[in-house]
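Heads up, query_29.cif below (mmCIF, C-alpha atoms):
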data_final
loop_
_atom_site.label_atom_id
_atom_site.label_comp_id
_atom_site.auth_asym_id
_atom_site.auth_seq_id
_atom_site.Cartn_x
_atom_site.Cartn_y
_atom_site.Cartn_z
CA MET L 1 0.00 0.00 0.00
CA GLU L 2 1.18 3.51 -0.86
CA LEU L 3 0.34 6.27 1.59
CA PHE L 4 0.00 9.98 0.88
CA PHE L 5 -0.54 12.85 3.31
CA THR L 6 -2.89 15.79 3.49
CA ASN L 7 -4.84 17.52 6.23
CA ASN L 8 -6.57 19.77 3.72
CA ILE L 9 -9.99 18.14 4.11
CA GLU L 10 -13.40 19.71 3.67
CA GLY L 11 -16.37 17.40 4.12
CA ASP L 12 -15.94 14.44 1.77
CA ARG L 13 -13.26 16.16 -0.35
CA ALA L 14 -9.52 16.40 0.19
CA THR L 15 -6.68 18.07 -1.71
CA LEU L 16 -3.07 16.97 -2.08
CA ASP L 17 -0.62 19.88 -2.11
CA ALA L 18 1.90 20.44 -4.88
CA SER L 19 4.56 18.16 -3.43
CA GLU L 20 2.24 15.24 -2.69
CA SER L 21 0.41 15.76 -5.97
CA LEU L 22 3.68 15.58 -7.90
CA HIS L 23 4.59 12.32 -6.18
CA CYS L 24 1.12 10.89 -6.71
CA THR L 25 0.61 11.75 -10.39
CA LYS L 26 4.10 12.05 -11.85
CA VAL L 27 6.15 9.59 -9.81
CA MET L 28 3.54 6.94 -8.96
CA ARG L 29 1.51 7.74 -12.12
CA HIS L 30 -1.95 7.67 -10.54
CA THR L 31 -4.66 9.10 -12.80
CA VAL L 32 -8.22 10.39 -12.55
CA GLY L 33 -10.57 7.62 -11.46
CA GLY L 34 -7.85 5.75 -9.61
CA ARG L 35 -7.99 5.10 -5.88
CA ILE L 36 -5.31 5.96 -3.33
CA ASN L 37 -4.82 5.87 0.44
CA PHE L 38 -3.91 8.95 2.42
CA THR L 39 -3.65 10.00 6.05
CA ASP L 40 -4.45 13.27 7.78
CA GLY L 41 -1.61 12.75 10.27
CA ALA L 42 -4.15 12.64 13.10
CA GLY L 43 -4.88 8.92 13.09
CA GLY L 44 -7.13 8.65 10.05
CA LEU L 45 -6.50 6.27 7.15
CA TYR L 46 -8.57 7.33 4.13
CA LEU L 47 -9.49 5.63 0.90
CA ALA L 48 -10.18 8.15 -1.86
CA GLU L 49 -10.76 8.43 -5.59
CA ILE L 50 -8.86 10.93 -7.71
CA VAL L 51 -11.31 13.46 -9.13
CA SER L 52 -8.98 15.98 -10.75
CA THR L 53 -5.27 16.48 -11.37
CA LYS L 54 -5.39 19.92 -12.93
CA GLY L 55 -2.82 22.50 -11.90
CA ARG L 56 -0.41 21.71 -9.08
CA GLU L 57 -2.99 20.07 -6.82
CA THR L 58 -4.89 16.80 -6.85
CA LEU L 59 -8.54 16.75 -5.79
CA LEU L 60 -9.83 13.64 -4.02
CA GLN L 61 -13.28 12.25 -3.26
CA ILE L 62 -13.21 10.45 0.11
CA ILE L 63 -14.74 6.97 0.05
CA SER L 64 -14.03 5.78 3.60
CA CYS L 65 -11.99 6.53 6.73
CA ASP L 66 -10.56 4.15 9.34
CA ARG L 67 -9.80 5.82 12.70
CA GLU L 68 -8.61 2.60 14.35
CA TYR L 69 -5.78 1.78 11.95
CA GLN L 70 -2.59 0.95 13.91
CA LYS L 71 -4.02 2.63 17.00
CA ARG L 72 -1.62 2.32 19.94
CA ASP L 73 -2.18 2.11 23.69
CA TYR L 74 0.54 4.63 24.51
CA TYR L 75 1.72 8.16 23.80
CA LEU L 76 5.52 8.30 23.64
CA HIS L 77 7.53 11.51 23.96
CA MET L 78 11.26 11.04 23.39
CA ALA L 79 13.54 13.88 24.52
CA VAL L 80 16.98 13.17 23.08
CA ALA L 81 20.18 15.21 22.80
CA PRO L 82 21.26 15.52 19.14
CA THR L 83 24.55 13.87 18.33
CA LYS L 84 27.64 15.71 17.09
CA ASN L 85 27.21 13.86 13.80
CA PRO L 86 23.74 14.97 12.59
CA ASP L 87 23.30 11.84 10.45
CA ARG L 88 23.08 9.69 13.56
CA PHE L 89 20.32 11.76 15.12
CA GLU L 90 18.42 11.81 11.83
CA TRP L 91 18.74 8.02 11.70
CA PHE L 92 17.18 7.85 15.15
CA ILE L 93 14.28 10.09 14.11
CA GLU L 94 13.53 7.98 11.05
CA LYS L 95 13.63 4.64 12.87
CA ALA L 96 11.69 5.93 15.88
CA VAL L 97 8.86 7.04 13.59
CA GLU L 98 8.84 3.63 11.93
CA LEU L 99 8.41 1.92 15.32
CA GLY L 100 5.85 4.40 16.60
CA ILE L 101 6.38 7.68 18.42
CA ASP L 102 4.23 10.74 19.08
CA GLU L 103 6.58 13.56 20.05
CA ILE L 104 10.30 14.30 19.79
CA THR L 105 12.18 17.04 21.63
CA PRO L 106 15.86 17.68 20.77
CA LEU L 107 17.56 18.30 24.12
CA GLU L 108 20.36 20.67 25.00
CA GLY L 109 22.14 19.35 28.06
CA GLU L 110 24.95 20.91 30.07
CA HIS L 111 27.40 18.51 28.38
CA SER L 112 25.96 18.79 24.87
CA GLN L 113 28.37 19.26 21.97
CA LYS L 114 25.52 19.92 19.53
CA ARG L 115 23.44 22.96 20.43
CA VAL L 116 21.75 23.68 17.09
CA PHE L 117 19.08 21.61 15.36
CA LYS L 118 17.50 22.07 11.91
CA LYS L 119 13.82 21.60 12.69
CA GLU L 120 12.55 21.92 9.11
CA ARG L 121 14.77 19.08 7.88
CA GLY L 122 13.66 16.96 10.82
CA GLU L 123 10.01 17.54 9.96
CA ARG L 124 10.62 16.40 6.38
CA LEU L 125 12.27 13.22 7.66
CA ILE L 126 9.35 12.55 9.98
CA LEU L 127 6.76 12.99 7.21
CA SER L 128 8.67 10.70 4.86
CA ALA L 129 9.14 8.02 7.54
CA MET L 130 5.47 8.22 8.54
CA LYS L 131 4.32 7.53 4.99
CA GLN L 132 6.93 4.85 4.36
CA SER L 133 5.98 2.93 7.51
CA LEU L 134 2.23 3.36 6.91
CA LYS L 135 1.67 5.30 10.12
CA THR L 136 -1.34 7.60 10.42
CA ASP L 137 -0.16 9.83 13.27
CA LEU L 138 2.32 12.55 12.35
CA PRO L 139 4.73 12.96 15.30
CA VAL L 140 5.29 16.42 16.76
CA LEU L 141 8.84 17.77 16.50
CA ASN L 142 9.58 20.47 19.05
CA GLN L 143 12.21 23.17 19.07
CA MET L 144 15.50 22.40 20.80
CA THR L 145 14.93 22.69 24.55
CA LYS L 146 17.26 22.82 27.55
CA ALA L 147 17.08 19.64 29.61
CA SER L 148 16.52 21.61 32.81
CA ALA L 149 13.57 23.46 31.24
CA LEU L 150 11.90 20.25 30.05
CA ILE L 151 12.32 18.64 33.46
CA LYS L 152 10.78 21.66 35.13
CA ASP L 153 7.88 21.61 32.68
CA TYR L 154 7.07 17.98 33.49
CA GLU L 155 7.54 18.18 37.26
CA GLN L 156 3.88 19.03 37.84
CA ARG L 157 2.39 16.88 35.09
CA GLU L 158 0.29 14.04 36.45
CA GLY L 159 -0.42 10.72 34.80
CA TRP L 160 2.95 10.51 33.07
CA THR L 161 5.63 7.85 33.38
CA LYS L 162 8.79 10.00 33.36
CA LEU L 163 12.09 8.21 32.77
CA ILE L 164 15.67 9.44 32.50
CA GLY L 165 18.50 7.28 31.21
CA HIS L 166 22.06 7.95 32.34
CA CYS L 167 25.36 6.14 32.89
CA ARG L 168 26.34 7.43 36.32
CA GLU L 169 26.70 5.17 39.31
CA SER L 170 23.40 5.25 41.16
CA LYS L 171 20.28 3.19 41.73
CA ARG L 172 18.64 2.49 38.38
CA GLU L 173 16.00 0.03 37.23
CA ARG L 174 15.85 -1.75 33.90
CA VAL L 175 13.74 0.22 31.46
CA THR L 176 11.53 -2.81 30.80
CA THR L 177 10.83 -3.19 34.53
CA LEU L 178 9.79 0.44 34.83
CA LEU L 179 7.54 0.16 31.78
CA GLU L 180 5.78 -2.87 33.22
CA GLN L 181 5.33 -1.02 36.51
CA SER L 182 3.94 2.01 34.69
CA LYS L 183 1.31 -0.08 32.93
CA LYS L 184 0.03 -1.28 36.30
CA PHE L 185 0.28 2.19 37.83
CA GLN L 186 -1.59 3.93 35.04
CA GLY L 187 -4.22 1.20 35.00
CA ALA L 188 -7.12 2.04 32.73
CA ASN L 189 -5.71 5.44 31.71
CA TYR L 190 -5.63 5.64 27.94
CA PRO L 191 -3.32 6.16 26.29
CA HIS L 192 -0.39 5.48 28.59
CA LYS L 193 1.73 8.64 28.57
CA ILE L 194 5.50 8.12 28.63
CA LEU L 195 8.38 10.62 28.54
CA ILE L 196 11.90 9.25 28.12
CA MET L 197 14.99 11.45 28.31
CA ILE L 198 18.31 10.43 26.72
CA GLY L 199 21.32 12.67 27.24
CA PRO L 200 24.28 13.71 25.05
CA GLU L 201 27.48 11.76 24.43
CA GLY L 202 28.86 13.28 27.66
CA ASP L 203 25.76 12.14 29.58
CA PHE L 204 23.50 14.28 31.73
CA SER L 205 25.20 16.34 34.41
CA VAL L 206 24.84 15.42 38.08
CA GLY L 207 22.68 18.51 38.54
CA GLU L 208 20.32 17.56 35.70
CA ILE L 209 19.94 14.03 37.06
CA GLU L 210 19.25 15.27 40.58
CA GLN L 211 16.70 17.78 39.27
CA ALA L 212 14.92 15.03 37.32
CA LEU L 213 14.83 12.62 40.25
CA SER L 214 13.50 15.36 42.54
CA GLY L 215 10.82 16.09 39.91
CA GLY L 216 9.41 12.58 39.87
CA PHE L 217 11.53 11.03 37.13
CA LEU L 218 12.75 7.44 37.47
CA ALA L 219 16.31 6.52 36.44
CA PHE L 220 16.78 3.52 34.16
CA HIS L 221 19.46 1.48 32.42
CA MET L 222 19.45 -0.95 29.49
CA GLY L 223 22.04 -3.46 30.62
CA ASP L 224 25.81 -3.40 30.67
CA SER L 225 26.41 -2.39 27.06
CA ARG L 226 27.81 1.07 26.45
CA MET L 227 25.60 2.61 23.76
CA ARG L 228 25.82 5.67 21.60
CA THR L 229 23.13 8.27 22.21
CA GLU L 230 21.10 7.34 19.14
CA THR L 231 21.38 3.61 19.91
CA ALA L 232 20.19 4.10 23.48
CA ALA L 233 17.31 6.28 22.31
CA LEU L 234 16.13 3.78 19.71
CA THR L 235 16.51 0.91 22.18
CA ALA L 236 14.20 2.78 24.55
CA VAL L 237 11.64 3.30 21.76
CA SER L 238 11.88 -0.42 20.94
CA ALA L 239 11.38 -1.34 24.60
CA VAL L 240 8.15 0.68 24.72
CA TYR L 241 6.98 -0.77 21.41
CA LEU L 242 7.57 -4.35 22.54
CA SER L 243 6.09 -3.77 25.99
CA PHE L 244 2.77 -2.67 24.53
CA LEU L 245 2.41 -5.25 21.77
CA PRO L 246 -1.02 -6.93 22.07
#
Written as structure tokens, that's how I'd like the structure from this file.
Amino acid sequence: MELFFTNNIEGDRATLDASESLHCTKVMRHTVGGRINFTDGAGGLYLAEIVSTKGRETLLQIISCDREYQKRDYYLHMAVAPTKNPDRFEWFIEKAVELGIDEITPLEGEHSQKRVFKKERGERLILSAMKQSLKTDLPVLNQMTKASALIKDYEQREGWTKLIGHCRESKRERVTTLLEQSKKFQGANYPHKILIMIGPEGDFSVGEIEQALSGGFLAFHMGDSRMRTETAALTAVSAVYLSFLP
């Protein structure tokens, strides 16, 4: 199945913008009368018929919409420090979207080497990965945020499982153990809301870790392996994905 994207929907009609229209009609060679699938990025999977391909837009007649397609039991927010090599962080973004993620925040920690992030490029990667993996929820990509500011923002938020991964010597639980505990704690709450923080190559500072623990975060580890930032982040996404498989 091919998947296109548009949130330009009015009643039973939808319109693909110039970029999506070009891909649909010129690259994939769909023509008037043909049927395609598209998503609105808000959980809907639509079946539609092409009505017109005039100009730079493609007009669609909606036939049906499935709001339950690939619906997940959790909302995952990953806050991850971008790597010095931008390709590695972009790799993480792409693979995280393929597995299933709802929100990404690039973090600036006290030990960060990378303090600039190109949000527009990240959004293009997310859109492409969403369509390629047949997801119907378009993840939110936030502006780069200081770790201390994000921790402070989530201190008072209730109903969230808040986890911070670090390599310093202290009491830490396995991430899978904490996820299982969170499922019991949150009970019937739907969806389960999870925030996971992964620090830069130099790890979170002692002050950032102490602030997080004081703010209700739980510290976790993923075994004895020493992982790169992007590997640890994707492993955490995978742990959530596997924990919530039906």
Counting all atoms listed in the file, give me one row per residue of segment 109-154 of chain L with an atom at most 9 Å from an atom of segment 43-58 of chain L, showing the shortest contact pair and its distance in Å to one decimal, sorted by chain then residue number, as a Markdown table.
| residue | atom | partner | partner_atom | distance |
| --- | --- | --- | --- | --- |
| L:Lys135 | CA | L:Gly43 | CA | 8.1 |
| L:Thr136 | CA | L:Gly43 | CA | 4.6 |
| L:Asp137 | CA | L:Gly43 | CA | 4.8 |
| L:Leu138 | CA | L:Gly43 | CA | 8.1 |
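Between atom CA of His30 of chain L and atom CA of Gln132 of chain L the interatomic distance comes to 17.6 Å.
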Output as a Markdown table one row per residue of segment 41-96 of chain L within 10 Å of segment 228-243 of chain L: the closest atom pair and its distance in Å to one decimal place, counting only C-alpha atoms, sorted by chain and residue number ascending.
| residue | atom | partner | partner_atom | distance |
| --- | --- | --- | --- | --- |
| L:Arg72 | CA | L:Tyr241 | CA | 9.3 |
| L:Asp73 | CA | L:Tyr241 | CA | 9.9 |
| L:Tyr74 | CA | L:Val240 | CA | 8.6 |
| L:Tyr75 | CA | L:Val240 | CA | 9.9 |
| L:Leu76 | CA | L:Val237 | CA | 8.1 |
| L:His77 | CA | L:Val237 | CA | 9.4 |
| L:Met78 | CA | L:Ala233 | CA | 7.8 |
| L:Ala79 | CA | L:Ala233 | CA | 8.8 |
| L:Val80 | CA | L:Ala233 | CA | 6.9 |
| L:Ala81 | CA | L:Thr229 | CA | 7.6 |
| L:Pro82 | CA | L:Thr229 | CA | 8.1 |
| L:Thr83 | CA | L:Thr229 | CA | 7.0 |
| L:Arg88 | CA | L:Glu230 | CA | 6.4 |
| L:Phe89 | CA | L:Glu230 | CA | 6.0 |
| L:Glu90 | CA | L:Glu230 | CA | 9.0 |
| L:Trp91 | CA | L:Glu230 | CA | 7.8 |
| L:Phe92 | CA | L:Glu230 | CA | 5.6 |
| L:Ile93 | CA | L:Leu234 | CA | 8.6 |
| L:Glu94 | CA | L:Leu234 | CA | 10.0 |
| L:Lys95 | CA | L:Leu234 | CA | 7.3 |
| L:Ala96 | CA | L:Leu234 | CA | 6.2 |
Discussion item. Using all atoms listed in the file, can you tell me which of L:Glu120, L:Gln61, L:Met227, L:Glu10 comes closest to Gly33 of chain L?
Written reply: L:Gln61
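Every residue that the PyMOL selection byres ((chain L and resi 140) around 8) selects in this file is listed here: Asp102, Glu103, Ile104, Leu138, Pro139, Leu141 and Asn142 of chain L.
Ranking L:Ile151, L:Ile63, L:Ala129, L:Val32 by their shortest atom-to-atom distance to Gly216 of chain L, with only C-alpha atoms included, puts L:Ile151 first.
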Fill in: Selection under test: the PyMOL selection byres ((chain L and resi 204) around 9); residues as a list in words
Gly109, Glu110, His111, Ser112, Ala147, Gly165, His166, Cys167, Arg168, Ile198, Gly199, Pro200, Glu201, Gly202, Asp203, Ser205, Val206, Gly207, Glu208 and Ile209 of chain L
Fill in: Distance in Å - atom CA of Leu178 of chain L versus atom CA of Thr161 of chain L
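Rounded to one decimal, the two atoms are 8.6 Å apart.
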Worksheet item: Applied to this file, what does the PyMOL selection byres ((chain L and resi 131) around 9) return in terms of residues, put as a VMD selection string?
Response: chain L and resid 2 to 5 38 to 39 126 to 130 132 to 136
Generate a file of the selected residues that holds C-alpha atoms, formatted as a PDB file, in the coordinates of the input.
ATOM      1  CA  GLU L   2       1.180   3.510  -0.860  1.00  0.00           C
ATOM      2  CA  LEU L   3       0.340   6.270   1.590  1.00  0.00           C
ATOM      3  CA  PHE L   4       0.000   9.980   0.880  1.00  0.00           C
ATOM      4  CA  PHE L   5      -0.540  12.850   3.310  1.00  0.00           C
ATOM      5  CA  PHE L  38      -3.910   8.950   2.420  1.00  0.00           C
ATOM      6  CA  THR L  39      -3.650  10.000   6.050  1.00  0.00           C
ATOM      7  CA  ILE L 126       9.350  12.550   9.980  1.00  0.00           C
ATOM      8  CA  LEU L 127       6.760  12.990   7.210  1.00  0.00           C
ATOM      9  CA  SER L 128       8.670  10.700   4.860  1.00  0.00           C
ATOM     10  CA  ALA L 129       9.140   8.020   7.540  1.00  0.00           C
ATOM     11  CA  MET L 130       5.470   8.220   8.540  1.00  0.00           C
ATOM     12  CA  GLN L 132       6.930   4.850   4.360  1.00  0.00           C
ATOM     13  CA  SER L 133       5.980   2.930   7.510  1.00  0.00           C
ATOM     14  CA  LEU L 134       2.230   3.360   6.910  1.00  0.00           C
ATOM     15  CA  LYS L 135       1.670   5.300  10.120  1.00  0.00           C
ATOM     16  CA  THR L 136      -1.340   7.600  10.420  1.00  0.00           C
TER      17      THR L 136
END
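Among the candidate residues L:Arg124, L:Glu210, L:Ile194, L:Gly41, the one lying nearest to Val175 of chain L is L:Ile194, with distances computed using all atoms listed in the file.
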Discussion item. Report, in Å to a single decimal, how far apart atom CA of Pro106 of chain L and atom CA of Glu123 of chain L are.
Written reply: 12.3 Å
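Remark: for Ser148 of chain L, the closest of the candidate residues L:Thr105, L:Gln211, L:Asn37, L:Gln181 is L:Gln211 (distances computed over only C-alpha atoms).
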Worksheet entry | Within 8 Å of file point (9.1, 6.0, 31.9), counting only C-alpha atoms, expressed as a ChimeraX atom specification | /L:160-164,175,178-179,182,194-196,217-218
Practice prompt. Find the residue from L:Arg115, L:Leu245, L:Lys152, L:Leu125 that sits nearest to Gln70 of chain L; use only C-alpha atoms when measuring.
Written response: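 Smallest separation from Gln70 of chain L among the options: L:Leu245.
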Item to complete: Considering only C-alpha atoms, state which residue in the set L:Asn85, L:Gln113, L:Thr176, L:Gln156 is at the smallest distance from Ser214 of chain L.
Response: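 Counting only C-alpha atoms, the residue closest to Ser214 of chain L is L:Gln156.
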Repaired coordinates for segment 27-59 of chain L (N, CA and C atoms) as a PDB file, in the frame of the given file:
ATOM      1  N   VAL L  27       5.252  10.673 -10.215  1.00  0.00           N
ATOM      2  CA  VAL L  27       6.150   9.590  -9.810  1.00  0.00           C
ATOM      3  C   VAL L  27       5.426   8.245  -9.795  1.00  0.00           C
ATOM      4  N   MET L  28       4.282   8.200  -9.087  1.00  0.00           N
ATOM      5  CA  MET L  28       3.540   6.940  -8.960  1.00  0.00           C
ATOM      6  C   MET L  28       2.528   6.747 -10.100  1.00  0.00           C
ATOM      7  N   ARG L  29       2.323   7.808 -10.915  1.00  0.00           N
ATOM      8  CA  ARG L  29       1.510   7.740 -12.120  1.00  0.00           C
ATOM      9  C   ARG L  29       0.046   7.351 -11.870  1.00  0.00           C
ATOM     10  N   HIS L  30      -0.515   7.851 -10.780  1.00  0.00           N
ATOM     11  CA  HIS L  30      -1.950   7.670 -10.540  1.00  0.00           C
ATOM     12  C   HIS L  30      -2.712   8.659 -11.411  1.00  0.00           C
ATOM     13  N   THR L  31      -3.876   8.252 -11.914  1.00  0.00           N
ATOM     14  CA  THR L  31      -4.660   9.100 -12.800  1.00  0.00           C
ATOM     15  C   THR L  31      -6.085   9.257 -12.292  1.00  0.00           C
ATOM     16  N   VAL L  32      -6.827  10.153 -12.924  1.00  0.00           N
ATOM     17  CA  VAL L  32      -8.220  10.390 -12.550  1.00  0.00           C
ATOM     18  C   VAL L  32      -9.009   9.085 -12.602  1.00  0.00           C
ATOM     19  N   GLY L  33      -9.798   8.854 -11.558  1.00  0.00           N
ATOM     20  CA  GLY L  33     -10.570   7.620 -11.460  1.00  0.00           C
ATOM     21  C   GLY L  33      -9.887   6.553 -10.634  1.00  0.00           C
ATOM     22  N   GLY L  34      -8.579   6.714 -10.429  1.00  0.00           N
ATOM     23  CA  GLY L  34      -7.850   5.750  -9.610  1.00  0.00           C
ATOM     24  C   GLY L  34      -8.077   5.996  -8.128  1.00  0.00           C
ATOM     25  N   ARG L  35      -7.794   4.990  -7.318  1.00  0.00           N
ATOM     26  CA  ARG L  35      -7.990   5.100  -5.880  1.00  0.00           C
ATOM     27  C   ARG L  35      -6.645   5.072  -5.149  1.00  0.00           C
ATOM     28  N   ILE L  36      -6.532   5.903  -4.129  1.00  0.00           N
ATOM     29  CA  ILE L  36      -5.310   5.960  -3.330  1.00  0.00           C
ATOM     30  C   ILE L  36      -5.667   5.994  -1.850  1.00  0.00           C
ATOM     31  N   ASN L  37      -4.673   5.730  -1.013  1.00  0.00           N
ATOM     32  CA  ASN L  37      -4.820   5.870   0.440  1.00  0.00           C
ATOM     33  C   ASN L  37      -4.055   7.101   0.890  1.00  0.00           C
ATOM     34  N   PHE L  38      -4.641   7.834   1.825  1.00  0.00           N
ATOM     35  CA  PHE L  38      -3.910   8.950   2.420  1.00  0.00           C
ATOM     36  C   PHE L  38      -4.243   9.049   3.896  1.00  0.00           C
ATOM     37  N   THR L  39      -3.411   9.758   4.633  1.00  0.00           N
ATOM     38  CA  THR L  39      -3.650  10.000   6.050  1.00  0.00           C
ATOM     39  C   THR L  39      -3.674  11.488   6.327  1.00  0.00           C
ATOM     40  N   ASP L  40      -4.409  11.862   7.364  1.00  0.00           N
ATOM     41  CA  ASP L  40      -4.450  13.270   7.780  1.00  0.00           C
ATOM     42  C   ASP L  40      -3.414  13.574   8.847  1.00  0.00           C
ATOM     43  N   GLY L  41      -2.620  12.556   9.244  1.00  0.00           N
ATOM     44  CA  GLY L  41      -1.610  12.750  10.270  1.00  0.00           C
ATOM     45  C   GLY L  41      -2.172  12.798  11.666  1.00  0.00           C
ATOM     46  N   ALA L  42      -3.491  12.595  11.792  1.00  0.00           N
ATOM     47  CA  ALA L  42      -4.150  12.640  13.100  1.00  0.00           C
ATOM     48  C   ALA L  42      -4.859  11.319  13.394  1.00  0.00           C
ATOM     49  N   GLY L  43      -4.348  10.241  12.807  1.00  0.00           N
ATOM     50  CA  GLY L  43      -4.880   8.920  13.090  1.00  0.00           C
ATOM     51  C   GLY L  43      -5.828   8.348  12.058  1.00  0.00           C
ATOM     52  N   GLY L  44      -6.175   9.121  11.036  1.00  0.00           N
ATOM     53  CA  GLY L  44      -7.130   8.650  10.050  1.00  0.00           C
ATOM     54  C   GLY L  44      -6.466   8.056   8.815  1.00  0.00           C
ATOM     55  N   LEU L  45      -6.936   6.881   8.405  1.00  0.00           N
ATOM     56  CA  LEU L  45      -6.500   6.270   7.150  1.00  0.00           C
ATOM     57  C   LEU L  45      -7.672   6.349   6.181  1.00  0.00           C
ATOM     58  N   TYR L  46      -7.491   7.059   5.080  1.00  0.00           N
ATOM     59  CA  TYR L  46      -8.570   7.330   4.130  1.00  0.00           C
ATOM     60  C   TYR L  46      -8.361   6.569   2.828  1.00  0.00           C
ATOM     61  N   LEU L  47      -9.472   6.146   2.257  1.00  0.00           N
ATOM     62  CA  LEU L  47      -9.490   5.630   0.900  1.00  0.00           C
ATOM     63  C   LEU L  47     -10.210   6.687   0.067  1.00  0.00           C
ATOM     64  N   ALA L  48      -9.606   7.074  -1.064  1.00  0.00           N
ATOM     65  CA  ALA L  48     -10.180   8.150  -1.860  1.00  0.00           C
ATOM     66  C   ALA L  48      -9.990   7.886  -3.337  1.00  0.00           C
ATOM     67  N   GLU L  49     -10.854   8.513  -4.136  1.00  0.00           N
ATOM     68  CA  GLU L  49     -10.760   8.430  -5.590  1.00  0.00           C
ATOM     69  C   GLU L  49     -10.277   9.767  -6.131  1.00  0.00           C
ATOM     70  N   ILE L  50      -9.382   9.708  -7.101  1.00  0.00           N
ATOM     71  CA  ILE L  50      -8.860  10.930  -7.710  1.00  0.00           C
ATOM     72  C   ILE L  50      -9.920  11.527  -8.639  1.00  0.00           C
ATOM     73  N   VAL L  51     -10.287  12.765  -8.349  1.00  0.00           N
ATOM     74  CA  VAL L  51     -11.310  13.460  -9.130  1.00  0.00           C
ATOM     75  C   VAL L  51     -10.695  14.362 -10.186  1.00  0.00           C
ATOM     76  N   SER L  52      -9.603  15.036  -9.824  1.00  0.00           N
ATOM     77  CA  SER L  52      -8.980  15.980 -10.750  1.00  0.00           C
ATOM     78  C   SER L  52      -7.497  16.101 -10.454  1.00  0.00           C
ATOM     79  N   THR L  53      -6.712  16.288 -11.521  1.00  0.00           N
ATOM     80  CA  THR L  53      -5.270  16.480 -11.370  1.00  0.00           C
ATOM     81  C   THR L  53      -4.820  17.748 -12.089  1.00  0.00           C
ATOM     82  N   LYS L  54      -5.721  18.688 -12.252  1.00  0.00           N
ATOM     83  CA  LYS L  54      -5.390  19.920 -12.930  1.00  0.00           C
ATOM     84  C   LYS L  54      -4.537  20.831 -12.042  1.00  0.00           C
ATOM     85  N   GLY L  55      -3.655  21.584 -12.658  1.00  0.00           N
ATOM     86  CA  GLY L  55      -2.820  22.500 -11.900  1.00  0.00           C
ATOM     87  C   GLY L  55      -1.785  21.746 -11.071  1.00  0.00           C
ATOM     88  N   ARG L  56      -1.434  22.310  -9.939  1.00  0.00           N
ATOM     89  CA  ARG L  56      -0.410  21.710  -9.080  1.00  0.00           C
ATOM     90  C   ARG L  56      -1.008  20.926  -7.921  1.00  0.00           C
ATOM     91  N   GLU L  57      -2.321  20.781  -7.898  1.00  0.00           N
ATOM     92  CA  GLU L  57      -2.990  20.070  -6.820  1.00  0.00           C
ATOM     93  C   GLU L  57      -3.802  18.906  -7.366  1.00  0.00           C
ATOM     94  N   THR L  58      -4.061  17.949  -6.488  1.00  0.00           N
ATOM     95  CA  THR L  58      -4.890  16.800  -6.850  1.00  0.00           C
ATOM     96  C   THR L  58      -6.096  16.767  -5.940  1.00  0.00           C
ATOM     97  N   LEU L  59      -7.291  16.751  -6.539  1.00  0.00           N
ATOM     98  CA  LEU L  59      -8.540  16.750  -5.790  1.00  0.00           C
ATOM     99  C   LEU L  59      -9.022  15.314  -5.608  1.00  0.00           C
TER     100      LEU L  59
END
